[in-house]
Amino acid sequence: MFKRLSLVISAIAVLGMILTACGPAASTYTCTDKIGCVKIGPTDPIHIAYLLVVAGPNAALGIDSRNGVEIAIDDAGNKILNHTVKFDGEDGGCSADGGQAAGTKLAADPTIIAVIGTSCSSEARAAEPLLSAAGFVTISSSNTAIDLTLAGNANQYPGYFRTAHNDKVQGAAAADFVFNFLKITKAATIHDGSLYADQLQQNFAENFKKFGGTITLQTSVTVGQTDMSSVLASVASGSPELIYFPIFLPEGAFLIDQAKTTPGLENTKLMGADGLYSPDVMNTAGAAVEGFMVSSPLVQGAAYDAFVAKYVAKFGTQPVNIFHAHAYDAFNIVKAAIEKVAVQQADGTLYIPRQALRDAMYATKDFQGLTGVLACSPTGDCANPIIGVYEYHSGVYPPTLIWPTQYIKPTATP
Amino acid sequence: MKSKSSYWVKTLQNGLIGGGISLLLGLVGMALAFGKTYIISGVITMGQIFILSPFLFEAYLSVRRAPSKEPRSLFLVGGLSGLVGGALLAAFVLIGEVVNFRAVLVNASPNLFALLTFNLSLVPGILVLLGVSLVTGLIAAGVFLLPERIRAALSQAVMVVVLLGLFRDLIVTVMLRWGVVQYAFLWMFAASGLKIIGALVIFVLISGLVYWSKGRDRKAIALKRSPRQQRVTRWSTLGVLGLLVLLLPVILGSYFSEILDNVGIYILMGLGLNIVVGFAGLLDLGYVAFYAIGAYTLGILTTSEAVGLLHISFWLATPVALVVAVAFGVILGLPILKMRGDYLAIVTLGFGEIIRIVVLSDWLKPILGGSEGIQLIGKPVIGPLVLANQQQLYYLILIGIILAGFISIRLKDSHLGRSWMALREDEDVAEAMGINKVVTKLLAFAMGALFSGLGGALFATKIGSVYPQSFSFIVSINILSLIIIGGMGSIPGVFVGGLALVGLPLLLSQFADFRYLIYGAVLVIMMLMKPEGLAPEARRRLELHEDAVGPGPGEKPQSVIKNPER
Amino acid sequence: MLRTWRQRITITDIFVWAIGLSIAGVVIWGSISTLLQGQYPGKVWLDLSIKGLALGGVYALIAMGYTMVYGILKMINFAHSEVFMSGPFTAVFVAQALSKSGFLNRQPVISLAIISLVSMGVPTLIAILLERICYRPLRNAPRLVPLITAIGASFFLLYVFRGLYGSGSFGYPAITSLEQSWAFAGIQIYKTQVAVIVGAVVMMLVLFGMVQWTKIGKAMRAVSEDKEAAELMGINVDRIIVFTFGVGGASAGAAGVLYTLLFPVVNFYMGFFPGIKAFTAAVLGGIGNVPGAFLGAIILGLLESVGPNLFLTGLGVPSPSQLKDAIAFIVLVLILIFRPTGILGERISRDKA
């Protein structure tokens with residue numbers, strides 16, 4: 001076996017030597033970038049990878065983001081600077097170990113210029129050291145953990161960006177809305193044991209208390225739980241006026257549905273976050289969805305509607321959450337930055353200096369995206385920090401914007 | 001094959017199954033996902049291979065079982081089988097013109113129909129589809145008619161070409177590490193898949209080599225050697241293998257080291273579970289518990305975060321983690337001493353879940369971090385050297401495996417090992433023979449917990465952070481599958497199983513969305529074809545096949561087991 | 001007599017009993033202090049109990065599939081959770097179509113029958129195929145081998161269904177006539193809850209009656225006792241096993257219908273947790289035993305909905321419902337410590353397992 005293998009290898013090697021004798025011509029470009037350049041031959045594609053959760057129980061989150069990117073690529077005519085886009089990637093499993101494995105694999109591929117990802121903050125913490133060291137630009141559409149873009153934090157890495165908003169922004173906005181707009185002073189929160197929900201509800205609770213409100217209970221459900229009776233009973237015992245549960249489907253739908261049949265919660269207002277901004281919420285929670293509110297970045301307008309139409313045509317389903325729009329924007333920010341820094345040779349060869357690309361990304365300003373007008377901070381926060389609150393009405397999608405009031409216009413294009 | 005008419009029914013059935021499989025591959029989205037992954041650049045994509053290979057396979061099955069081996073009737077059988085499969089797809093396309101499948105089946109998109117009709121309009125597309133499936137069936141018959149040696153050569157060459165094309169990215173990534181040598185190989189790859197010339201060269205080379213090597217009589221050559229020569233060969237092979245194992249991370253780079261590290265950690269745990277399940281026969285479905293305990297203990301003791309306890313070094317914390325894991329092994333072992341079989345299975349499963357739930361809970365969040373997990377876990381430090389990356393950690397894991405392997409091998413034929421096996425075969429008899437059931441069972445749990453705890457500690461230091469989500473039930477299932485695929489109770493089996501079940505899926509990550517689908521199908525097929533495992537223990541192989549050499553694929557295994565319940 | 005007693009009780013026994021009793025003590029102490037705190041009025045406990053009963057009913061029907069297959073083949077059909085998922089996940093499209101055409105609320109009974117037919121038909125078919133492809137060739141293999149094929153089949157089915165229908169969540173339309181409720185002792189009892197509990201009890205009785213008193217039930221019991229002897233007695237063992245799988249699949253489908261009445265959201269992952277719970281319930285009641293599975297499931301359902309608040313609130317544990325599965329498993333261990341073959345487990349299974 002060994003002998004056969006070595007024979008094959010040496011035969012191929014000899015052939016290769018002969019074929020490559022007339023090697024490539026010397027290039028005229030010299031790379032002066034601090035962390036190197038990517039050379040893209042005249043016919044080579046521009047390689048952009050994803051590190052999202054596309055398998056396992058959280059697959060919907062990553063697949064939705066990936067679909068968003070695919071539409072962005074279609075919109076770009078599958079080309080950046082006349083080079084086709086190669087878009088492939090890895091499943092990160094929404095876990096630290098999955099993120100590390102996928103990150104290692106991507107980091108080993110020097111043709112990659114940018115990575116769209118990760119889906120979950122735990123993935124990012126394990127993958128980002130590797131991706132950053134490899135010189136890539138990483139841009140996430142759904143990481144919201146605060147530490148990832150917190151200056152001086154061990155988990156903040158150069159080259160990391162996100163179009164998803166930081167939990168701090170959304171938690172504070174939601175608390176502001178509930179306390180100052182709804183004039184509610186007693187609220188309870190529920191998380192689902194995920195990093196995202198836990199941090200967000202924690203932020204909400206802290207801000208809410210700062211405003212002078214009372215948090216009657218901070219409790220939790222588990223992923224995969226269907227029967228919410230015990231958790232709702234314990235929430236009901238504190239008789240809050242509002243429950244904030246920034247979790248996902250299907251647990252969110254079960255909470256909405258079952259809260260109506262829990263004694264003491266019949267009239268309590270329910271509020272979620274962007275994980276529950278999805279047509280599936282309306283489809284799954286049935287009539288109980290009436291009056292359910294979500295905090296979510298302002299995403300609406302003609303461009304977004306056109307995007308959703310393309311999405312449905314291409315993938316056969318309605319988008320399952322809001323992060324497809326962030327992913328769409330993430331790709332376009334990368335594309336714009338590449339177009340800004342790439343050095344084109346006469347024969348079509350493209351050089352992309354990696355540090356310059358990062359700098360161009362950090363310098364992103366006034367970027368017109370689906371999720372608003374975006375600008376990137378020095379630590380990589382690119383999200384438009386305007387959070388809206390939407391209210392669902394049974395049988396109507398998208399939900400109506402109810403806050404902040406100055407944005408409520410018939411043509412509320414952000 | 002009682003009569004000819006029933007045989008024709010069988011052929012039709014095979015054709016339909018082929019069409020059905022290929023339709024399923026289309027509808028779950030596999031064909032489309034690989035619609036742009038070229039195997040040979042510009043010629044054939046993996047998606048097309050997914051659609052066509054079931055026809056080939058089923059037509060080959062029909063041809064092989066045909067009652068008459070006359071070429072003309074074989075071609076008829078093959079062609080018919082392929083055509084029937086094609087007809088099924090054609091029917092699907094036709095109905096799809098009228099009914100909107102996509103309302104329910106998300107992957108029945110226009111792109112899938114385009115793929116099935118070769119981007120042509122309806123009528124010519126269907127005709128081409130039928131034609132291609134007919135040809136595929138005829139090829140199957142043609143392949144069957146070839147002499148065995150040529151058939152083997154051709155099929156292996158095709159396999160290699162497909163694999164090279166499919167794993168193009170992975171191979172290229174590794175080769176980019178090799179400096180000048182890379183140019184010797186890179187010429188055969190296109191941007192996606194192989195270049196036509198590359199595919200041709202590989203095809204000719206491999207088929208020629210296989211053809212040549214099949215012609216030689218290996219046994220005769222081996223017999224000619226003197227015992228001395230044989231010994232030299234064996235030792236030198238071992239030496240080369242050992243050297244290779246040591247050099248692997250250097251040759252293959254960080255990604256393959258990552259895979260090897262994961263495989264290594266699973267092998268380590270597999271060795272432990274092999275003692276519990278394979279030797280002692282205690283079905284443990286919650287083995288992940290000790291993995292979690294090892295990882296969390298190490299995490300808490302070494303993290304530089306505020307949640308940590310002592311902030312000690314990896315080397316000091318590991319023994320503590322092992323002691324804690326073993327202690328939990330014994331504590332769990334006590335209440336389940338009296339339970340047997342599936343009661344044991346569910347209680348251990350429950351224990352695994354309890355650990356995960358408690359670790360995730362808000363209740364213990366101040367100590368264990370809850371959903372935040374534990375981050376910034378310490379890396380092993382030897383003098384000035386920090387074992388930080390996967391290549392360096394590989395050696396640490398290797399040492400762990402060697403230790404665990406050594407202990408396993410020594411235990412297997414010791415007094416204790418024999419006691420375990422006696423318990424596995426018949427608990428009551430073993431007890432009557434004077435084996436102390438309590439101590440023996442507890443020792444099995446303790447050993448299992450020890451290796452699993454070590455695996456957990458290595459895992460924690462490798463990732464640098466632990467989260468409750470990493471310790472789900474699936475991990476226990478993976479480890480159990482690993483030792484059974486390898487061959488229960490067999491130590492080499494653990495290694496084979498680890499490479500097959502942990503290594504392959506990681507390599508298959510190209511299949512991202514479909515990884516678990518393939519994993520599941522492979523588990524079923526492997527168990528149907530080799531129920532005793534890939535590298536079974538000699539005694540177990542004898543037990544399973546007293547009279548038969550081995551069951552062929554598709555046939556019922558003629559197993560003779562006196563006592564299948566134990 | 002005294003001597004044999006002393007011989008029989010070992011230190012480990014004492015230790016195990018001590019663990020068991022101390023857990024039981026904590027549970028009782030927690031419950032008492034919760035009740036003394038008076039955070040929850042009595043009607044809350046009643047409401048939770050009714051919800052727990054309904055949940056237990058669903059678990060019970062899924063557990064039937066596990067326990068019947070186990071009784072006859074002595075194997076854990078791990079793919080049963082996916083068999084369960086296949087029904088409601090397919091029928092949701094039928095239900096949505098019916099709802100869109102308005103037929104659902106015009107003819108709720110006929111609609112429910114159609115939905116049930118689909119919801120039970122698909123799992124039955126899959127269960128039978130599963131037996132034919134994955135388990136029959138391995139009937140004489142070591143017992144862990146079919147366990148692994150079952151796990152493989154489970155993964156395969158899970159991702160095939162995800163591939164077919166997508167990874168999103170789908171909602172069942174509400175049936176208006178089932179949305180009403182009755183007021184009872186200060187709480188609302190919903191028609192769906194009653195329908196689920198009644199449905200589960202009826203199904204359990206039908207299955208139990210079938211196993212106990214019909215000819216095919218007798219044949220099933222014979223096969224479960226001794227396959228070879230049954231074959232010699234002229235029983236077609238293959239057919240009985242296929243039938244068992246079919247019945248298991250159908251009851252999983254029925255469970256699916258009831259499940260969607262309570263929890264009207266389905267996705268490809270919905271089978272996993274109910275599957276594990278039902279398996280636990282089957283073991284809790286004594287695996288292989290139909291009434292045992294029912295009893296186990298009801299206990300489990302009650303534990304899940306009442307347990308966390310009752311046991312843990314008094315102990316000051318935050319987010320008690322997060323720990324509900326842990327409670328369920330701890331109680332399982334507790335019961336198995338004192339009754340190692342489950343609540344209604346037969347003594348025979350002790351020698352067999």
# chains A, B, ... in the order shown; residues from 1 in each chain; ligands from 1

$ residues_around --residues "Ile11 of chain C" --least-positions-apart "6" --cutoff "12 Å" --atoms "only C-alpha atoms" --output "VMD selection string"
(chain B and resid 334 438 to 439) or (chain C and resid 17 to 18)

$ interface_residues --of "chain B" --to "chain A" --cutoff "8 Å" --atoms "only C-alpha atoms" --output "PyMOL selection string"
chain B and resi 102-103+106-107+109+173+181+183-187+191+205-206+209+253-255+258-259+360-362+370-372+463-467+469-470+509-510+512-516

$ residues_around --residues "segment 198-200 of chain C" --least-positions-apart "4" --cutoff "8 Å" --atoms "only C-alpha atoms" --output "list of chain:residue names"
C:Gly57, C:Val58, C:Ala60, C:Leu61, C:Val194, C:Met204, C:Ala255, C:Leu258

$ write_last_selection --atoms "C-alpha atoms" --output "PDB file, in the first residue's frame"
ATOM      1  CA  GLY C  57     -50.568  11.958  28.184  1.00  0.00           C
ATOM      2  CA  VAL C  58     -48.481  12.933  25.183  1.00  0.00           C
ATOM      3  CA  ALA C  60     -47.417   8.195  27.354  1.00  0.00           C
ATOM      4  CA  LEU C  61     -48.385   7.699  23.734  1.00  0.00           C
ATOM      5  CA  VAL C 194     -59.239  17.492  28.108  1.00  0.00           C
ATOM      6  CA  MET C 204     -53.696   3.381  26.240  1.00  0.00           C
ATOM      7  CA  ALA C 255     -49.187  11.349  20.095  1.00  0.00           C
ATOM      8  CA  LEU C 258     -52.287  15.417  20.635  1.00  0.00           C
TER       9      LEU C 258
END

$ residues_around --residues "segment 271-278 of chain A" --least-positions-apart "2" --cutoff "10 Å" --atoms "only C-alpha atoms" --output "PyMOL selection string"
chain A and resi 61+142+170-171+174+178+189-190+196-197+200-201+242-253+256+268-269+280-283+291-297+318-323+387-392+397-399

$ write_last_selection --atoms "N, CA and C atoms" --output "short mmCIF file (atom, residue, chain, number, x, y, z; two decimals), in the first residue's frame"
data_model
loop_
_atom_site.label_atom_id
_atom_site.label_comp_id
_atom_site.auth_asym_id
_atom_site.auth_seq_id
_atom_site.Cartn_x
_atom_site.Cartn_y
_atom_site.Cartn_z
N LEU A 61 -30.46 29.65 12.23
CA LEU A 61 -29.78 30.93 12.43
C LEU A 61 -28.71 31.15 11.36
N SER A 142 -24.53 38.04 13.44
CA SER A 142 -25.43 37.78 14.57
C SER A 142 -24.73 37.67 15.92
N GLN A 170 -29.26 47.19 22.46
CA GLN A 170 -30.63 46.71 22.41
C GLN A 170 -31.25 46.60 23.79
N GLY A 171 -30.45 46.13 24.78
CA GLY A 171 -30.97 46.01 26.14
C GLY A 171 -31.41 47.37 26.67
N ALA A 174 -34.56 48.67 24.78
CA ALA A 174 -35.77 47.97 25.17
C ALA A 174 -36.24 48.47 26.53
N VAL A 178 -39.78 50.32 27.41
CA VAL A 178 -40.75 49.76 28.35
C VAL A 178 -41.04 50.75 29.47
N THR A 189 -37.97 38.92 33.32
CA THR A 189 -37.24 38.50 32.12
C THR A 189 -37.08 36.99 32.12
N ILE A 190 -37.00 36.45 30.91
CA ILE A 190 -36.77 35.01 30.74
C ILE A 190 -35.68 34.85 29.69
N TYR A 196 -26.55 34.71 24.18
CA TYR A 196 -27.24 35.87 23.62
C TYR A 196 -28.38 36.32 24.52
N ALA A 197 -29.28 35.39 24.80
CA ALA A 197 -30.47 35.76 25.56
C ALA A 197 -30.10 36.17 26.98
N LEU A 200 -28.57 39.65 27.02
CA LEU A 200 -29.53 40.68 26.65
C LEU A 200 -30.52 40.95 27.78
N GLN A 201 -31.02 39.88 28.39
CA GLN A 201 -31.99 40.10 29.47
C GLN A 201 -31.29 40.75 30.66
N LEU A 242 -45.03 43.28 32.39
CA LEU A 242 -44.46 42.91 31.09
C LEU A 242 -43.41 41.82 31.30
N ILE A 243 -43.34 40.91 30.33
CA ILE A 243 -42.28 39.90 30.37
C ILE A 243 -41.39 40.11 29.15
N TYR A 244 -40.10 40.23 29.40
CA TYR A 244 -39.14 40.39 28.30
C TYR A 244 -38.41 39.08 28.12
N PHE A 245 -38.59 38.44 26.97
CA PHE A 245 -37.86 37.18 26.72
C PHE A 245 -37.16 37.23 25.37
N PRO A 246 -35.90 37.66 25.35
CA PRO A 246 -35.17 37.78 24.09
C PRO A 246 -34.67 36.43 23.61
N ILE A 247 -35.57 35.48 23.36
CA ILE A 247 -35.13 34.14 22.97
C ILE A 247 -35.50 33.86 21.54
N PHE A 248 -35.53 32.60 21.15
CA PHE A 248 -35.72 32.23 19.74
C PHE A 248 -36.98 31.38 19.57
N LEU A 249 -37.17 30.96 18.34
CA LEU A 249 -38.22 30.00 18.05
C LEU A 249 -37.65 28.59 18.22
N PRO A 250 -38.43 27.61 18.57
CA PRO A 250 -39.87 27.68 18.82
C PRO A 250 -40.22 28.03 20.27
N GLU A 251 -39.21 28.13 21.16
CA GLU A 251 -39.55 28.35 22.57
C GLU A 251 -40.33 29.66 22.74
N GLY A 252 -39.96 30.68 21.96
CA GLY A 252 -40.64 31.95 22.06
C GLY A 252 -42.12 31.83 21.73
N ALA A 253 -42.41 31.07 20.70
CA ALA A 253 -43.81 30.89 20.30
C ALA A 253 -44.58 30.16 21.40
N ILE A 256 -45.41 32.68 24.10
CA ILE A 256 -46.49 33.58 23.71
C ILE A 256 -47.83 32.85 23.83
N THR A 268 -50.82 40.42 30.76
CA THR A 268 -49.43 40.89 30.83
C THR A 268 -48.90 41.08 29.42
N LYS A 269 -48.18 42.18 29.21
CA LYS A 269 -47.60 42.43 27.90
C LYS A 269 -46.37 41.54 27.71
N ASP A 280 -42.25 33.53 10.99
CA ASP A 280 -42.59 32.29 11.68
C ASP A 280 -43.27 32.55 13.02
N VAL A 281 -42.94 33.68 13.63
CA VAL A 281 -43.58 34.00 14.91
C VAL A 281 -45.08 34.16 14.68
N MET A 282 -45.41 34.87 13.61
CA MET A 282 -46.82 35.08 13.33
C MET A 282 -47.48 33.75 12.96
N ASN A 283 -46.77 32.96 12.17
CA ASN A 283 -47.36 31.69 11.74
C ASN A 283 -47.49 30.69 12.87
N GLY A 291 -50.50 41.78 19.64
CA GLY A 291 -49.98 42.64 20.68
C GLY A 291 -48.58 42.27 21.15
N PHE A 292 -48.03 41.19 20.64
CA PHE A 292 -46.66 40.82 21.03
C PHE A 292 -45.68 41.81 20.41
N MET A 293 -44.69 42.24 21.22
CA MET A 293 -43.75 43.25 20.72
C MET A 293 -42.35 42.67 20.64
N VAL A 294 -41.59 43.16 19.69
CA VAL A 294 -40.18 42.79 19.63
C VAL A 294 -39.34 44.04 19.46
N SER A 295 -38.18 44.01 20.10
CA SER A 295 -37.20 45.04 19.82
C SER A 295 -36.29 44.48 18.73
N SER A 296 -35.99 45.31 17.77
CA SER A 296 -35.18 44.83 16.66
C SER A 296 -34.62 46.04 15.94
N PRO A 297 -33.50 45.91 15.26
CA PRO A 297 -33.00 47.05 14.50
C PRO A 297 -34.03 47.45 13.45
N GLN A 318 -39.91 31.96 3.58
CA GLN A 318 -39.72 33.29 4.14
C GLN A 318 -38.44 33.24 4.97
N PRO A 319 -37.74 34.36 5.09
CA PRO A 319 -36.57 34.38 5.97
C PRO A 319 -36.99 33.98 7.38
N VAL A 320 -36.17 33.19 8.07
CA VAL A 320 -36.59 32.71 9.37
C VAL A 320 -36.18 33.62 10.52
N ASN A 321 -35.27 34.56 10.32
CA ASN A 321 -35.05 35.56 11.36
C ASN A 321 -34.48 36.82 10.74
N ILE A 322 -34.02 37.73 11.55
CA ILE A 322 -33.67 39.05 11.02
C ILE A 322 -32.23 39.10 10.53
N PHE A 323 -31.42 38.14 10.86
CA PHE A 323 -29.99 38.30 10.61
C PHE A 323 -29.57 38.13 9.15
N ILE A 387 -32.63 51.13 17.48
CA ILE A 387 -33.46 49.96 17.73
C ILE A 387 -34.91 50.40 17.67
N GLY A 388 -35.69 49.64 16.96
CA GLY A 388 -37.12 49.93 16.90
C GLY A 388 -37.87 48.89 17.71
N VAL A 389 -39.09 49.22 18.05
CA VAL A 389 -39.95 48.21 18.67
C VAL A 389 -41.15 48.02 17.77
N TYR A 390 -41.46 46.79 17.50
CA TYR A 390 -42.53 46.46 16.58
C TYR A 390 -43.61 45.71 17.32
N GLU A 391 -44.82 45.87 16.82
CA GLU A 391 -45.92 45.15 17.44
C GLU A 391 -46.57 44.25 16.39
N TYR A 392 -46.77 43.00 16.78
CA TYR A 392 -47.40 42.05 15.87
C TYR A 392 -48.92 42.19 15.93
N TYR A 397 -47.96 40.58 8.46
CA TYR A 397 -46.51 40.62 8.53
C TYR A 397 -46.02 41.58 7.47
N PRO A 398 -45.04 42.41 7.70
CA PRO A 398 -44.26 42.54 8.93
C PRO A 398 -45.04 43.27 10.03
N PRO A 399 -44.58 43.14 11.27
CA PRO A 399 -45.23 43.83 12.39
C PRO A 399 -45.06 45.34 12.25
#

$ residues_around --residues "Leu53 of chain C" --least-positions-apart "2" --cutoff "8 Å" --atoms "only C-alpha atoms" --output "list of chain:residue names"
C:Ser49, C:Ile50, C:Lys51, C:Leu55, C:Gly56, C:Gly57, C:Ile197, C:Ile298, C:Gly301, C:Leu302

$ write_last_selection --atoms "N, CA and C atoms" --output "PDB file, in the first residue's frame"
ATOM      1  N   SER C  49     -51.031  21.045  37.652  1.00  0.00           N
ATOM      2  CA  SER C  49     -51.248  19.596  37.618  1.00  0.00           C
ATOM      3  C   SER C  49     -51.994  19.195  36.361  1.00  0.00           C
ATOM      4  N   ILE C  50     -52.983  19.994  35.980  1.00  0.00           N
ATOM      5  CA  ILE C  50     -53.739  19.635  34.787  1.00  0.00           C
ATOM      6  C   ILE C  50     -52.848  19.723  33.557  1.00  0.00           C
ATOM      7  N   LYS C  51     -52.020  20.743  33.502  1.00  0.00           N
ATOM      8  CA  LYS C  51     -51.086  20.850  32.376  1.00  0.00           C
ATOM      9  C   LYS C  51     -50.095  19.688  32.380  1.00  0.00           C
ATOM     10  N   LEU C  55     -49.459  16.891  29.475  1.00  0.00           N
ATOM     11  CA  LEU C  55     -48.110  16.621  28.968  1.00  0.00           C
ATOM     12  C   LEU C  55     -47.776  15.145  29.123  1.00  0.00           C
ATOM     13  N   GLY C  56     -48.112  14.609  30.283  1.00  0.00           N
ATOM     14  CA  GLY C  56     -47.862  13.198  30.538  1.00  0.00           C
ATOM     15  C   GLY C  56     -48.598  12.322  29.542  1.00  0.00           C
ATOM     16  N   GLY C  57     -49.809  12.730  29.165  1.00  0.00           N
ATOM     17  CA  GLY C  57     -50.568  11.958  28.184  1.00  0.00           C
ATOM     18  C   GLY C  57     -49.829  11.849  26.863  1.00  0.00           C
ATOM     19  N   ILE C 197     -55.913  14.490  27.355  1.00  0.00           N
ATOM     20  CA  ILE C 197     -55.925  13.496  28.434  1.00  0.00           C
ATOM     21  C   ILE C 197     -56.845  12.331  28.063  1.00  0.00           C
ATOM     22  N   ILE C 298     -47.200   9.769  33.077  1.00  0.00           N
ATOM     23  CA  ILE C 298     -48.004  10.718  33.848  1.00  0.00           C
ATOM     24  C   ILE C 298     -47.169  11.303  34.990  1.00  0.00           C
ATOM     25  N   GLY C 301     -44.742  13.761  33.508  1.00  0.00           N
ATOM     26  CA  GLY C 301     -45.410  15.006  33.115  1.00  0.00           C
ATOM     27  C   GLY C 301     -45.685  15.883  34.328  1.00  0.00           C
ATOM     28  N   LEU C 302     -46.187  15.254  35.397  1.00  0.00           N
ATOM     29  CA  LEU C 302     -46.487  16.010  36.610  1.00  0.00           C
ATOM     30  C   LEU C 302     -45.212  16.577  37.223  1.00  0.00           C
TER      31      LEU C 302
END

$ residues_around --residues "Val283 of chain C" --least-positions-apart "4" --cutoff "8 Å" --atoms "only C-alpha atoms" --output "JSON list (two decimals) with N, CA and C atoms, in the first residue's frame"
[["chain", "number", "residue", "atom", "x", "y", "z"],
["B", 342, "ASP", "N", -31.03, -1.89, 30.36],
["B", 342, "ASP", "CA", -31.54, -0.60, 29.92],
["B", 342, "ASP", "C", -31.86, 0.32, 31.07],
["B", 343, "TYR", "N", -32.08, -0.23, 32.24],
["B", 343, "TYR", "CA", -32.28, 0.62, 33.41],
["B", 343, "TYR", "C", -30.99, 1.36, 33.69],
["B", 346, "ILE", "N", -30.56, 4.20, 31.02],
["B", 346, "ILE", "CA", -31.34, 5.43, 31.19],
["B", 346, "ILE", "C", -30.84, 6.21, 32.40],
["C", 279, "PHE", "N", -38.91, 7.85, 26.56],
["C", 279, "PHE", "CA", -38.06, 6.70, 26.87],
["C", 279, "PHE", "C", -37.86, 6.60, 28.38],
["C", 287, "ILE", "N", -39.94, -1.03, 31.75],
["C", 287, "ILE", "CA", -39.99, -1.07, 30.29],
["C", 287, "ILE", "C", -40.55, -2.40, 29.80],
["C", 293, "ALA", "N", -45.73, 2.13, 31.27],
["C", 293, "ALA", "CA", -45.29, 3.28, 30.49],
["C", 293, "ALA", "C", -46.25, 4.45, 30.70],
["C", 296, "GLY", "N", -45.65, 5.85, 34.18],
["C", 296, "GLY", "CA", -44.38, 6.56, 34.19],
["C", 296, "GLY", "C", -44.50, 7.91, 33.51],
["C", 341, "THR", "N", -36.46, -2.30, 38.81],
["C", 341, "THR", "CA", -37.02, -2.60, 37.48],
["C", 341, "THR", "C", -38.22, -1.71, 37.19],
["C", 342, "GLY", "N", -38.26, -0.55, 37.78],
["C", 342, "GLY", "CA", -39.35, 0.37, 37.48],
["C", 342, "GLY", "C", -40.56, 0.12, 38.35]]

$ interface_residues --of "chain C" --to "chain A" --cutoff "6 Å" --atoms "only C-alpha atoms" --output "PyMOL selection string"
chain C and resi 167+170-171+265+305+319+321-322

$ closest_residue --among "C:Phe15, C:Tyr135, C:Phe273, C:Trp29" --to "Ile525 of chain B" --atoms "only C-alpha atoms"
C:Tyr135
